[in-house]
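Data from model28.csv: CSV, C-alpha atoms
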chain,number,residue,atom,x,y,z
X,1,MET,CA,-65.8,96.6,-139.7
X,2,GLY,CA,-65.9,94.5,-142.9
X,3,THR,CA,-67.3,91.0,-143.2
X,4,ALA,CA,-63.9,89.7,-144.3
X,5,PHE,CA,-62.3,91.0,-141.1
X,6,ILE,CA,-65.0,89.5,-138.9
X,7,ILE,CA,-64.5,86.1,-140.5
X,8,PHE,CA,-60.8,86.4,-139.9
X,9,ILE,CA,-61.3,87.3,-136.3
X,10,ILE,CA,-63.5,84.2,-135.8
X,11,LEU,CA,-60.9,82.0,-137.5
X,12,GLY,CA,-58.0,83.6,-135.7
X,13,PHE,CA,-59.7,83.2,-132.3
X,14,LEU,CA,-60.4,79.5,-132.8
X,15,LEU,CA,-56.8,79.0,-133.9
X,16,LEU,CA,-55.6,81.0,-130.9
X,17,VAL,CA,-57.5,78.7,-128.6
X,18,GLN,CA,-56.1,75.6,-130.4
X,19,SER,CA,-52.5,76.9,-130.3
X,20,ALA,CA,-52.8,77.8,-126.6
X,21,SER,CA,-54.1,74.3,-125.8
X,22,SER,CA,-51.3,72.8,-127.8
X,23,LEU,CA,-48.7,74.8,-125.9
X,24,ARG,CA,-50.3,73.7,-122.6
X,25,SER,CA,-49.9,70.1,-123.7
X,26,GLY,CA,-46.3,70.8,-124.5
X,27,PHE,CA,-45.6,72.0,-120.9
X,28,ARG,CA,-47.4,68.9,-119.6
X,29,PHE,CA,-45.2,66.7,-121.8
X,30,LEU,CA,-42.0,68.4,-120.5
X,31,GLU,CA,-43.2,68.0,-116.9
X,32,TYR,CA,-44.1,64.4,-117.4
X,33,VAL,CA,-40.7,63.6,-119.0
X,34,ARG,CA,-38.9,65.3,-116.1
X,35,ARG,CA,-40.9,63.5,-113.5
X,36,CYS,CA,-40.5,60.0,-115.1
X,37,ARG,CA,-36.8,60.5,-115.6
X,38,ALA,CA,-36.4,61.4,-111.9
X,39,GLN,CA,-38.1,58.1,-110.8
X,40,ASN,CA,-36.3,54.8,-110.2
X,41,VAL,CA,-36.9,52.3,-113.0
X,42,GLY,CA,-37.5,49.5,-110.5
X,43,ASP,CA,-36.5,45.8,-110.5
X,44,TYR,CA,-39.2,44.3,-112.7
X,45,ALA,CA,-37.3,42.4,-115.3
X,46,PRO,CA,-39.1,39.2,-116.5
X,47,ARG,CA,-37.6,37.2,-119.3
X,48,ALA,CA,-38.0,39.2,-122.5
X,49,ALA,CA,-37.5,38.7,-126.3
X,50,VAL,CA,-36.6,41.7,-128.4
X,51,ILE,CA,-37.7,41.2,-132.1
X,52,ILE,CA,-36.2,43.6,-134.6
X,53,PRO,CA,-37.0,43.6,-138.3
X,54,VAL,CA,-34.0,44.7,-140.4
X,55,THR,CA,-33.5,45.9,-144.0
X,56,GLY,CA,-30.6,47.4,-145.7
X,57,SER,CA,-27.2,48.1,-144.2
X,58,GLY,CA,-27.1,51.8,-143.2
X,59,ALA,CA,-24.0,53.3,-141.6
X,60,ALA,CA,-25.4,53.1,-138.1
X,61,LEU,CA,-26.6,49.5,-138.3
X,62,GLU,CA,-23.7,47.9,-136.5
X,63,SER,CA,-23.6,50.4,-133.7
X,64,ASN,CA,-27.4,50.3,-133.2
X,65,ILE,CA,-27.4,46.5,-133.0
X,66,SER,CA,-24.5,46.6,-130.6
X,67,ALA,CA,-26.6,48.9,-128.4
X,68,PHE,CA,-29.4,46.4,-128.4
X,69,GLN,CA,-26.9,43.7,-127.4
X,70,ALA,CA,-25.6,45.8,-124.5
X,71,GLN,CA,-28.8,46.4,-122.5
X,72,ASP,CA,-28.6,46.5,-118.7
X,73,TYR,CA,-31.2,43.6,-118.4
X,74,PRO,CA,-30.6,40.2,-116.8
X,75,ARG,CA,-32.4,37.8,-119.2
X,76,TYR,CA,-33.4,38.6,-122.7
X,77,GLN,CA,-33.3,37.1,-126.2
X,78,LEU,CA,-32.5,39.2,-129.3
X,79,VAL,CA,-34.2,38.1,-132.6
X,80,LEU,CA,-33.1,39.8,-135.8
X,81,VAL,CA,-35.2,39.2,-138.9
X,82,VAL,CA,-34.5,40.2,-142.5
X,83,GLY,CA,-36.6,39.7,-145.6
X,84,ASP,CA,-34.2,37.3,-147.3
X,85,GLU,CA,-30.5,36.3,-147.3
X,86,LYS,CA,-29.9,38.6,-150.4
X,87,ASP,CA,-30.6,41.6,-148.2
X,88,PRO,CA,-27.3,43.5,-147.5
X,89,ALA,CA,-28.1,43.4,-143.8
X,90,PHE,CA,-28.0,39.6,-143.6
X,91,GLY,CA,-24.2,39.4,-144.3
X,92,MET,CA,-23.4,42.3,-142.0
X,93,LEU,CA,-25.5,40.9,-139.1
X,94,SER,CA,-24.0,37.4,-139.6
X,95,ALA,CA,-20.5,38.8,-139.3
X,96,LEU,CA,-21.6,40.9,-136.2
X,97,ILE,CA,-23.1,37.8,-134.5
X,98,GLU,CA,-19.9,35.8,-135.2
X,99,LYS,CA,-17.8,38.6,-133.8
X,100,SER,CA,-19.9,38.8,-130.6
X,101,ALA,CA,-19.8,35.0,-130.2
X,102,ALA,CA,-16.0,35.0,-130.5
X,103,GLN,CA,-15.7,37.6,-127.7
X,104,GLY,CA,-17.5,35.0,-125.5
X,105,SER,CA,-19.2,37.5,-123.2
X,106,SER,CA,-21.7,35.7,-120.9
X,107,ALA,CA,-23.5,39.0,-120.3
X,108,ARG,CA,-24.6,39.3,-123.9
X,109,PRO,CA,-28.0,38.0,-124.9
X,110,GLU,CA,-28.6,35.0,-127.2
X,111,VAL,CA,-29.0,36.3,-130.7
X,112,SER,CA,-31.0,34.7,-133.5
X,113,LEU,CA,-30.8,35.8,-137.2
X,114,LEU,CA,-33.7,34.7,-139.5
X,115,ALA,CA,-34.7,35.3,-143.1
X,116,ALA,CA,-38.5,35.6,-143.2
X,117,GLY,CA,-38.9,35.4,-147.0
X,118,PRO,CA,-41.2,37.7,-149.0
X,119,SER,CA,-44.6,38.6,-147.6
X,120,GLN,CA,-47.7,37.7,-149.5
X,121,SER,CA,-50.5,39.2,-147.5
X,122,GLN,CA,-49.1,41.8,-145.1
X,123,GLY,CA,-46.4,44.5,-144.9
X,124,GLN,CA,-42.9,43.1,-145.0
X,125,LYS,CA,-42.1,44.5,-141.6
X,126,VAL,CA,-45.1,42.8,-140.0
X,127,HIS,CA,-44.3,39.6,-141.8
X,128,ASN,CA,-40.7,39.8,-140.4
X,129,LEU,CA,-42.1,40.3,-136.9
X,130,VAL,CA,-44.5,37.4,-137.2
X,131,ARG,CA,-41.6,35.2,-138.4
X,132,GLY,CA,-39.5,36.4,-135.5
X,133,LEU,CA,-42.2,35.2,-133.1
X,134,ASP,CA,-41.5,31.6,-134.2
X,135,ALA,CA,-38.0,31.9,-132.8
X,136,VAL,CA,-39.1,33.2,-129.3
X,137,LYS,CA,-38.4,30.7,-126.6
X,138,PRO,CA,-41.4,29.2,-124.7
X,139,GLU,CA,-40.3,30.7,-121.3
X,140,ILE,CA,-40.4,34.3,-122.6
X,141,GLU,CA,-42.8,36.4,-120.6
X,142,VAL,CA,-42.6,39.8,-122.4
X,143,LEU,CA,-42.4,40.5,-126.1
X,144,VAL,CA,-40.6,43.6,-127.2
X,145,PHE,CA,-40.7,45.0,-130.7
X,146,ALA,CA,-38.1,47.6,-131.9
X,147,ASP,CA,-36.7,49.4,-135.0
X,148,VAL,CA,-33.1,49.2,-136.0
X,149,ASP,CA,-32.8,52.8,-137.1
X,150,ALA,CA,-32.6,54.1,-133.6
X,151,SER,CA,-29.9,53.8,-130.9
X,152,PRO,CA,-31.2,52.8,-127.5
X,153,HIS,CA,-29.4,53.7,-124.3
X,154,SER,CA,-28.4,50.9,-121.9
X,155,MET,CA,-31.5,51.2,-119.7
X,156,TRP,CA,-33.9,51.3,-122.6
X,157,LEU,CA,-35.2,47.7,-122.3
X,158,ARG,CA,-35.5,47.8,-118.5
X,159,SER,CA,-37.4,51.2,-118.8
X,160,LEU,CA,-39.7,49.9,-121.5
X,161,VAL,CA,-40.6,46.7,-119.6
X,162,ALA,CA,-41.0,48.4,-116.2
X,163,PRO,CA,-44.6,49.8,-116.7
X,164,LEU,CA,-45.8,46.2,-117.3
X,165,ALA,CA,-45.3,45.5,-113.6
X,166,SER,CA,-48.7,47.1,-113.3
X,167,ARG,CA,-51.5,44.8,-114.5
X,168,ASP,CA,-53.4,47.9,-115.6
X,169,VAL,CA,-50.9,48.5,-118.4
X,170,THR,CA,-51.2,46.3,-121.5
X,171,VAL,CA,-48.6,47.9,-123.7
X,172,SER,CA,-45.7,50.1,-122.8
X,173,THR,CA,-44.3,52.3,-125.6
X,174,GLY,CA,-41.6,54.9,-126.3
X,175,PHE,CA,-41.3,57.1,-129.4
X,176,ARG,CA,-38.6,58.2,-131.8
X,177,TRP,CA,-37.0,61.6,-131.4
X,178,TYR,CA,-35.3,62.9,-134.5
X,179,LEU,CA,-32.3,65.1,-133.9
X,180,PRO,CA,-31.5,67.8,-136.5
X,181,ASP,CA,-28.4,67.2,-138.5
X,182,LYS,CA,-26.5,69.6,-140.7
X,183,SER,CA,-28.9,69.6,-143.7
X,184,PHE,CA,-32.1,71.6,-144.0
X,185,VAL,CA,-34.1,68.4,-144.7
X,186,SER,CA,-32.9,66.6,-141.6
X,187,GLN,CA,-33.8,69.7,-139.6
X,188,LEU,CA,-37.2,69.9,-141.1
X,189,ARG,CA,-37.7,66.1,-140.4
X,190,ALA,CA,-36.8,66.7,-136.7
X,191,ALA,CA,-39.2,69.6,-136.4
X,192,TRP,CA,-42.0,67.7,-138.2
X,193,ASP,CA,-41.8,64.5,-136.3
X,194,THR,CA,-41.2,65.8,-132.8
X,195,SER,CA,-44.4,67.9,-133.2
X,196,ILE,CA,-46.1,64.5,-133.1
X,197,ALA,CA,-44.0,63.1,-130.2
X,198,THR,CA,-45.0,65.9,-127.9
X,199,PHE,CA,-48.7,64.9,-128.1
X,200,MET,CA,-47.7,61.7,-126.1
X,201,GLY,CA,-48.0,62.1,-122.4
X,202,GLU,CA,-49.3,60.8,-119.1
X,203,HIS,CA,-52.8,60.2,-120.5
X,204,ASP,CA,-53.5,56.9,-122.1
X,205,SER,CA,-51.7,56.9,-125.4
X,206,ALA,CA,-53.9,56.6,-128.6
X,207,PHE,CA,-51.3,54.2,-130.2
X,208,PRO,CA,-48.0,52.5,-129.5
X,209,TRP,CA,-44.9,53.2,-131.6
X,210,GLY,CA,-43.5,50.2,-133.4
X,211,GLY,CA,-39.9,51.2,-132.7
X,212,SER,CA,-40.3,50.7,-128.9
X,213,MET,CA,-43.3,48.7,-127.7
X,214,ALA,CA,-43.6,45.9,-125.1
X,215,ILE,CA,-46.4,43.6,-124.1
X,216,ARG,CA,-46.8,40.5,-121.9
X,217,THR,CA,-46.7,37.3,-124.0
X,218,GLU,CA,-50.0,36.2,-122.4
X,219,ASP,CA,-51.7,39.4,-123.4
X,220,PHE,CA,-50.3,39.2,-126.9
X,221,ASN,CA,-51.8,35.7,-127.3
X,222,ARG,CA,-55.0,36.5,-125.5
X,223,LEU,CA,-55.7,39.5,-127.8
X,224,GLN,CA,-54.9,37.3,-130.9
X,225,VAL,CA,-52.7,40.1,-132.3
X,226,ARG,CA,-50.8,37.7,-134.6
X,227,GLU,CA,-53.9,35.9,-135.9
X,228,ARG,CA,-56.4,38.8,-136.2
X,229,TYR,CA,-54.7,42.2,-136.2
X,230,TRP,CA,-51.4,41.4,-138.0
X,231,ALA,CA,-52.9,39.0,-140.5
X,232,SER,CA,-53.2,41.6,-143.4
X,233,THR,CA,-51.7,45.0,-142.4
X,234,VAL,CA,-48.7,47.1,-143.0
X,235,SER,CA,-48.9,48.8,-139.6
X,236,ASP,CA,-47.6,46.7,-136.6
X,237,ASP,CA,-48.2,49.5,-134.1
X,238,TYR,CA,-51.7,50.6,-135.2
X,239,GLY,CA,-52.6,46.9,-135.4
X,240,LEU,CA,-51.4,46.3,-131.8
X,241,GLY,CA,-53.0,49.5,-130.6
X,242,ARG,CA,-56.4,48.5,-132.1
X,243,ALA,CA,-56.1,45.0,-130.4
X,244,VAL,CA,-55.5,46.7,-127.0
X,245,HIS,CA,-58.3,49.1,-127.4
X,246,ASP,CA,-60.7,46.4,-128.6
X,247,GLY,CA,-59.7,44.4,-125.6
X,248,GLY,CA,-60.3,47.2,-123.1
X,249,GLY,CA,-56.6,47.5,-122.3
X,250,ARG,CA,-54.3,50.5,-121.7
X,251,ILE,CA,-51.3,51.8,-123.6
X,252,CYS,CA,-48.7,53.6,-121.4
X,253,PHE,CA,-46.1,56.1,-122.8
X,254,GLU,CA,-42.7,55.8,-121.2
X,255,PRO,CA,-40.6,58.9,-121.7
X,256,ARG,CA,-37.3,57.1,-120.8
X,257,CYS,CA,-37.8,55.2,-124.0
X,258,LEU,CA,-37.6,58.2,-126.3
X,259,VAL,CA,-34.8,57.0,-128.7
X,260,ALA,CA,-32.6,59.3,-130.7
X,261,SER,CA,-32.6,59.0,-134.5
X,262,ARG,CA,-31.0,60.9,-137.4
X,263,GLU,CA,-31.9,60.7,-141.1
X,264,ASP,CA,-30.9,62.7,-144.1
X,265,SER,CA,-32.6,62.6,-147.5
X,266,SER,CA,-33.7,64.6,-150.4
X,267,PHE,CA,-36.8,66.9,-150.0
X,268,ALA,CA,-38.8,64.6,-152.3
X,269,GLN,CA,-37.9,61.6,-150.2
X,270,PHE,CA,-38.9,63.5,-147.0
X,271,LEU,CA,-42.3,64.3,-148.5
X,272,ARG,CA,-42.9,60.7,-149.5
X,273,TRP,CA,-41.9,59.6,-145.9
X,274,THR,CA,-44.3,62.2,-144.3
X,275,ASN,CA,-47.1,61.3,-146.7
X,276,ARG,CA,-46.7,57.7,-145.8
X,277,GLN,CA,-47.0,58.4,-142.1
X,278,ILE,CA,-50.3,60.2,-142.6
X,279,ILE,CA,-51.7,57.9,-145.2
X,280,ILE,CA,-51.2,55.0,-142.8
X,281,THR,CA,-52.9,57.1,-140.1
X,282,ARG,CA,-55.8,57.8,-142.5
X,283,VAL,CA,-56.3,54.1,-143.1
X,284,TYR,CA,-55.7,52.7,-139.6
X,285,ALA,CA,-56.8,55.6,-137.3
X,286,PRO,CA,-59.3,57.7,-139.4
X,287,ARG,CA,-60.4,59.6,-136.3
X,288,LEU,CA,-56.9,60.9,-135.6
X,289,TRP,CA,-56.6,61.8,-139.3
X,290,ARG,CA,-59.9,63.7,-139.3
X,291,MET,CA,-58.8,65.6,-136.1
X,292,GLY,CA,-55.4,66.5,-137.6
X,293,LEU,CA,-57.0,67.5,-140.9
X,294,ALA,CA,-59.5,69.8,-139.2
X,295,GLY,CA,-56.7,71.4,-137.1
X,296,HIS,CA,-54.5,72.1,-140.1
X,297,VAL,CA,-57.3,73.3,-142.3
X,298,LEU,CA,-58.2,75.8,-139.6
X,299,TYR,CA,-54.5,76.9,-139.4
X,300,SER,CA,-54.3,77.4,-143.2
X,301,LEU,CA,-57.6,79.2,-143.5
X,302,ALA,CA,-56.8,81.6,-140.7
X,303,PHE,CA,-53.4,82.6,-142.2
X,304,VAL,CA,-54.5,82.7,-145.8
X,305,TRP,CA,-57.6,84.7,-144.9
X,306,GLY,CA,-55.5,87.0,-142.7
X,307,PHE,CA,-53.1,87.6,-145.6
X,308,PHE,CA,-55.9,88.6,-148.0
X,309,VAL,CA,-57.4,90.9,-145.2
X,310,LEU,CA,-54.0,92.7,-145.0
X,311,LEU,CA,-53.8,93.0,-148.8
X,312,ASP,CA,-57.1,94.8,-148.8
X,313,PRO,CA,-56.2,97.6,-146.4
X,314,PRO,CA,-58.6,97.8,-143.5
X,315,ALA,CA,-58.8,100.5,-141.0
X,316,GLY,CA,-55.6,101.1,-139.1
X,317,TRP,CA,-56.7,99.5,-135.9
X,318,GLU,CA,-58.0,96.5,-137.8
X,319,ARG,CA,-54.6,96.0,-139.5
X,320,LEU,CA,-52.9,96.2,-136.1
X,321,ALA,CA,-55.3,93.7,-134.6
X,322,ALA,CA,-54.8,91.3,-137.5
X,323,VAL,CA,-51.0,91.5,-137.3
X,324,ALA,CA,-51.1,91.1,-133.5
X,325,LEU,CA,-53.3,88.1,-133.6
X,326,LEU,CA,-51.2,86.3,-136.2
X,327,ALA,CA,-48.0,87.2,-134.3
X,328,VAL,CA,-49.4,85.8,-131.1
X,329,ILE,CA,-50.4,82.5,-132.8
X,330,LEU,CA,-46.9,82.2,-134.4
X,331,GLY,CA,-45.3,82.9,-131.0
X,332,LEU,CA,-47.3,80.2,-129.3
X,333,GLY,CA,-46.2,77.7,-132.0
X,334,MET,CA,-42.6,78.7,-131.7
X,335,SER,CA,-42.8,78.5,-127.9
X,336,LYS,CA,-43.9,74.9,-128.2
X,337,GLY,CA,-40.9,74.3,-130.5
X,338,LYS,CA,-38.6,75.7,-127.8
X,339,ILE,CA,-40.1,73.1,-125.4
X,340,ARG,CA,-39.0,70.4,-127.9
X,341,ALA,CA,-35.5,71.8,-127.9
X,342,ILE,CA,-35.4,71.7,-124.1
X,343,VAL,CA,-36.6,68.1,-124.1
X,344,ALA,CA,-33.9,67.1,-126.6
X,345,ARG,CA,-31.2,68.7,-124.5
X,346,GLU,CA,-32.4,67.0,-121.3
X,347,ILE,CA,-32.9,63.5,-122.6
X,348,PHE,CA,-29.9,63.4,-124.9
X,349,PRO,CA,-27.2,65.2,-122.8
X,350,GLU,CA,-24.5,63.6,-125.0
X,351,GLU,CA,-25.8,65.6,-127.9
X,352,ARG,CA,-25.7,68.9,-126.0
X,353,GLU,CA,-22.9,70.5,-128.1
X,354,PHE,CA,-24.6,69.5,-131.4
X,355,LEU,CA,-28.0,70.7,-130.1
X,356,ALA,CA,-26.5,74.0,-129.0
X,357,ARG,CA,-25.8,74.6,-132.7
X,358,TYR,CA,-28.9,73.1,-134.4
X,359,GLY,CA,-31.5,72.7,-131.6
X,360,LYS,CA,-33.0,76.1,-132.5
X,361,ARG,CA,-34.4,74.5,-135.6
X,362,TYR,CA,-37.1,72.8,-133.5
X,363,TRP,CA,-38.7,76.2,-133.0
X,364,GLN,CA,-37.5,78.1,-136.1
X,365,LEU,CA,-39.0,75.6,-138.5
X,366,THR,CA,-42.4,75.6,-136.7
X,367,LEU,CA,-43.3,78.3,-139.3
X,368,LEU,CA,-43.0,75.7,-142.1
X,369,VAL,CA,-44.1,72.5,-140.4
X,370,PRO,CA,-47.9,73.2,-140.4
X,371,TRP,CA,-47.8,73.8,-144.2
X,372,VAL,CA,-46.0,70.5,-144.8
X,373,MET,CA,-48.5,68.8,-142.5
X,374,MET,CA,-51.4,70.4,-144.4
X,375,TRP,CA,-50.0,68.8,-147.6
X,376,ASN,CA,-49.7,65.4,-145.9
X,377,PHE,CA,-53.2,65.4,-144.5
X,378,VAL,CA,-54.8,66.5,-147.7
X,379,ALA,CA,-52.8,64.0,-149.8
X,380,ALA,CA,-53.8,61.2,-147.4
X,381,GLY,CA,-57.4,61.9,-148.3
X,382,PHE,CA,-56.8,60.9,-151.9
X,383,VAL,CA,-53.9,58.5,-152.0
X,384,ARG,CA,-53.9,54.9,-150.7
X,385,THR,CA,-50.6,53.8,-152.2
X,386,ILE,CA,-47.3,53.9,-150.3
X,387,GLU,CA,-43.7,52.7,-150.7
X,388,TRP,CA,-41.9,51.2,-147.7
X,389,SER,CA,-38.4,49.8,-147.8
X,390,GLY,CA,-38.5,49.1,-151.5
X,391,VAL,CA,-42.0,47.5,-151.5
X,392,ARG,CA,-45.1,49.2,-152.9
X,393,TYR,CA,-48.5,48.7,-151.2
X,394,ARG,CA,-52.1,49.7,-151.8
X,395,LEU,CA,-54.0,50.0,-148.6
X,396,HIS,CA,-57.6,49.0,-149.5
X,397,SER,CA,-58.7,49.1,-145.8
X,398,ASP,CA,-57.5,48.6,-142.3
X,399,HIS,CA,-57.7,44.8,-142.9
X,400,GLU,CA,-56.7,44.5,-146.5
X,401,VAL,CA,-53.4,45.3,-148.2
X,402,GLU,CA,-52.2,44.6,-151.7
X,403,ILE,CA,-48.6,44.2,-152.6
X,404,LEU,CA,-48.0,46.0,-155.9
X,405,GLY,CA,-44.3,45.3,-156.4
X,406,ARG,CA,-40.8,45.0,-155.0
X,407,GLU,CA,-37.5,46.6,-155.9
X,408,PRO,CA,-34.7,44.1,-156.4
X,409,HIS,CA,-31.8,44.1,-153.9

Any chance you could put this one into structure tokens?
Amino acid sequence: MGTAFIIFIILGFLLLVQSASSLRSGFRFLEYVRRCRAQNVGDYAPRAAVIIPVTGSGAALESNISAFQAQDYPRYQLVLVVGDEKDPAFGMLSALIEKSAAQGSSARPEVSLLAAGPSQSQGQKVHNLVRGLDAVKPEIEVLVFADVDASPHSMWLRSLVAPLASRDVTVSTGFRWYLPDKSFVSQLRAAWDTSIATFMGEHDSAFPWGGSMAIRTEDFNRLQVRERYWASTVSDDYGLGRAVHDGGGRICFEPRCLVASREDSSFAQFLRWTNRQIIITRVYAPRLWRMGLAGHVLYSLAFVWGFFVLLDPPAGWERLAAVALLAVILGLGMSKGKIRAIVAREIFPEEREFLARYGKRYWQLTLLVPWVMMWNFVAAGFVRTIEWSGVRYRLHSDHEVEILGREPH
């Protein structure tokens, strides 16, 4: 038995344990989603304000805003914030608000549209959220922050706020769930991003997601989120998460607030997007980045080492053992991908026909996702510059961001 083969067996065994643990967490995620979806949402519905930063005028903007306006919730305010009035979204939103007002439905929330102006010391999204806070009415008891690129179901707001009925919960959060579209890149994006989503669960979440997060107004003010944690950051969710953890609070993941999203792009744009996610994690949650880097380094080493072991023909039984170990590890990863496909079918039944055609990409592309992740985690170790919605930033630290430039509208 050669030294190279022994090293491979050690690496492979460690990766096997990691893969089995990951699959176990996938089953727990599925069970938690099913259990929460079977429970009654409850009647807790204090007065809430939903603040949404908006940029650009994508094809789904009008339908998504309409979904936010049509929430099954008794008393809430909707605050829409764009960077400036030259943004294409401003005109579209103005027309949509006028159309809603003309319909005269008393069930619709009061909608405010603001232009925040360019940010000088923080990410434009965070700047828009801070400006949106100024429009919140004094009687609002819960602050909700959301992204416009997802379409919430009618019970999204009630489901997101419901966990705050417990004083033990400081922040309630959902997560995005990318659905695979017809293009390969959209399918890879879905497989990549949902691999992160399934690490959420019943345990205390490590971070909230900015596209669906709710906090009581009194807690937001007590933790000084605006003054301390959003003062100079590009990450609204990591900033809020740090405030909660520093204050000894708890973040609760609410599966009923998984929101569907679709996005197509070039492969280069996809890589820039994935790199941005991990670079932000590297700066604002270095422990998570180190854990992810270690896991993907182990995965890469095990497979690369196994490949070279097979190139240098070992004894017959050693070759069989190496192939079998790699096959089992791949099988575990694909099994977790199948769990994601099951989750997608159950939480988005209206997409059942589409998922029947493309849902298999969740597990088929698990063969490629770890290598993309490896690139992302390594790149994040060397790069501190990101581009987000036409603005370039350099992230000097978790409390210092430099704005390098803006693309004109």

| request: Skip segment 109-115 of chain X itself and residues of its chain fewer than 6 positions away, then list as a ChimeraX atom specification all residues within 12 Å of it, counting only C-alpha atoms. | output: /X:47-55,65-101,124-125,127-137

| Distance query Arg352 of chain X at most 12 Å, all atoms listed in the file, self and fewer than 6 positions along chain excluded, as a PyMOL selection string | chain X and resi 179+341-346+358-359

| request: Work out how far apart atom CA of Glu400 of chain X and atom CA of Asp236 of chain X are and give it in Å to one decimal. | output: 13.6 Å

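We find atom CA of Ile386 of chain X and atom CA of Val283 of chain X to be spaced 11.5 Å apart.
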
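Take the candidates X:Leu14, X:Trp371, X:Pro138, X:Ser389 and check each one against Ser57 of chain X using only C-alpha atoms; the shortest distance goes to X:Ser389.
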
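When atom CA of Glu387 of chain X is paired with atom CA of Ser235 of chain X, their separation reads 12.9 Å.
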
| query | Excluding same-chain residues fewer than 6 positions from segment 26-36 of chain X, what lies within 9 Å of it counting all atoms listed in the file, as a list of chain:residue names? | reply | X:Thr198, X:Phe199, X:Met200, X:Gly201, X:Glu202, X:Glu254, X:Pro255, X:Arg256, X:Lys336, X:Gly337, X:Ile339, X:Arg340, X:Ile342, X:Val343, X:Glu346, X:Ile347

| field | Gly390 of chain X environment, 10 Å, only C-alpha atoms, sequence neighbours closer than 6 positions dropped, as a list in words | value | Thr55, Gly56, Gln124, Gly405, Arg406, Glu407, Pro408 and His409 of chain X

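Distances here use only C-alpha atoms; by that measure, the residue among X:Val259, X:Phe207, X:Trp317, X:Leu395 closest to Leu288 of chain X is X:Phe207.
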
| said: I'd like the neighbourhood of Phe382 of chain X as a list in words, where a residue qualifies if any of its atoms comes within 12 Å (using all atoms listed in the file), though same-chain residues fewer than 6 positions away should be ignored. | reply: Asn275, Ile278, Ile279, Arg282, Val283, Trp375, Asn376 and Leu395 of chain X

| Expected answer as a count of residues only: all residues with atoms within 12 Å of (-54.8, 59.1, -142.7), all atoms listed in the file | 38

| Residue among X:Ala45, X:Leu365, X:Leu258, X:Ala165 lying closest to Pro180 of chain X, counting only C-alpha atoms | X:Leu365

| request: Mind listing whatever residues come within 10 Å of the point (-54.7, 82.9, -141.7)? Use only C-alpha atoms, file coordinates, and give them as a PyMOL selection string. | output: chain X and resi 8-9+11-12+15+297-309+322+325-326+329

Residues of the last selection are to be written out with C-alpha atoms, as a PDB file, in the coordinates of the input.
ATOM      1  CA  PHE X   8     -60.800  86.400-139.900  1.00  0.00           C
ATOM      2  CA  ILE X   9     -61.300  87.300-136.300  1.00  0.00           C
ATOM      3  CA  LEU X  11     -60.900  82.000-137.500  1.00  0.00           C
ATOM      4  CA  GLY X  12     -58.000  83.600-135.700  1.00  0.00           C
ATOM      5  CA  LEU X  15     -56.800  79.000-133.900  1.00  0.00           C
ATOM      6  CA  VAL X 297     -57.300  73.300-142.300  1.00  0.00           C
ATOM      7  CA  LEU X 298     -58.200  75.800-139.600  1.00  0.00           C
ATOM      8  CA  TYR X 299     -54.500  76.900-139.400  1.00  0.00           C
ATOM      9  CA  SER X 300     -54.300  77.400-143.200  1.00  0.00           C
ATOM     10  CA  LEU X 301     -57.600  79.200-143.500  1.00  0.00           C
ATOM     11  CA  ALA X 302     -56.800  81.600-140.700  1.00  0.00           C
ATOM     12  CA  PHE X 303     -53.400  82.600-142.200  1.00  0.00           C
ATOM     13  CA  VAL X 304     -54.500  82.700-145.800  1.00  0.00           C
ATOM     14  CA  TRP X 305     -57.600  84.700-144.900  1.00  0.00           C
ATOM     15  CA  GLY X 306     -55.500  87.000-142.700  1.00  0.00           C
ATOM     16  CA  PHE X 307     -53.100  87.600-145.600  1.00  0.00           C
ATOM     17  CA  PHE X 308     -55.900  88.600-148.000  1.00  0.00           C
ATOM     18  CA  VAL X 309     -57.400  90.900-145.200  1.00  0.00           C
ATOM     19  CA  ALA X 322     -54.800  91.300-137.500  1.00  0.00           C
ATOM     20  CA  LEU X 325     -53.300  88.100-133.600  1.00  0.00           C
ATOM     21  CA  LEU X 326     -51.200  86.300-136.200  1.00  0.00           C
ATOM     22  CA  ILE X 329     -50.400  82.500-132.800  1.00  0.00           C
TER      23      ILE X 329
END

| said: Under the rule that all atoms listed in the file are counted, which of X:Ser21, X:Ser186, X:Gln269, X:Ser212 is the nearest residue to Asp147 of chain X? | reply: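 Smallest distance to Asp147 of chain X is found for X:Ser212.
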
| Out of X:Gln18, X:Ser261, X:Thr194, X:Gln120, which residue has the shortest atom-to-atom distance to Val234 of chain X when counting all atoms listed in the file? | X:Gln120

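Restricting the calculation to all atoms listed in the file, the smallest distance between Ser19 of chain X and any of X:Arg394, X:His296, X:Arg357, X:His399 is found for X:His296.
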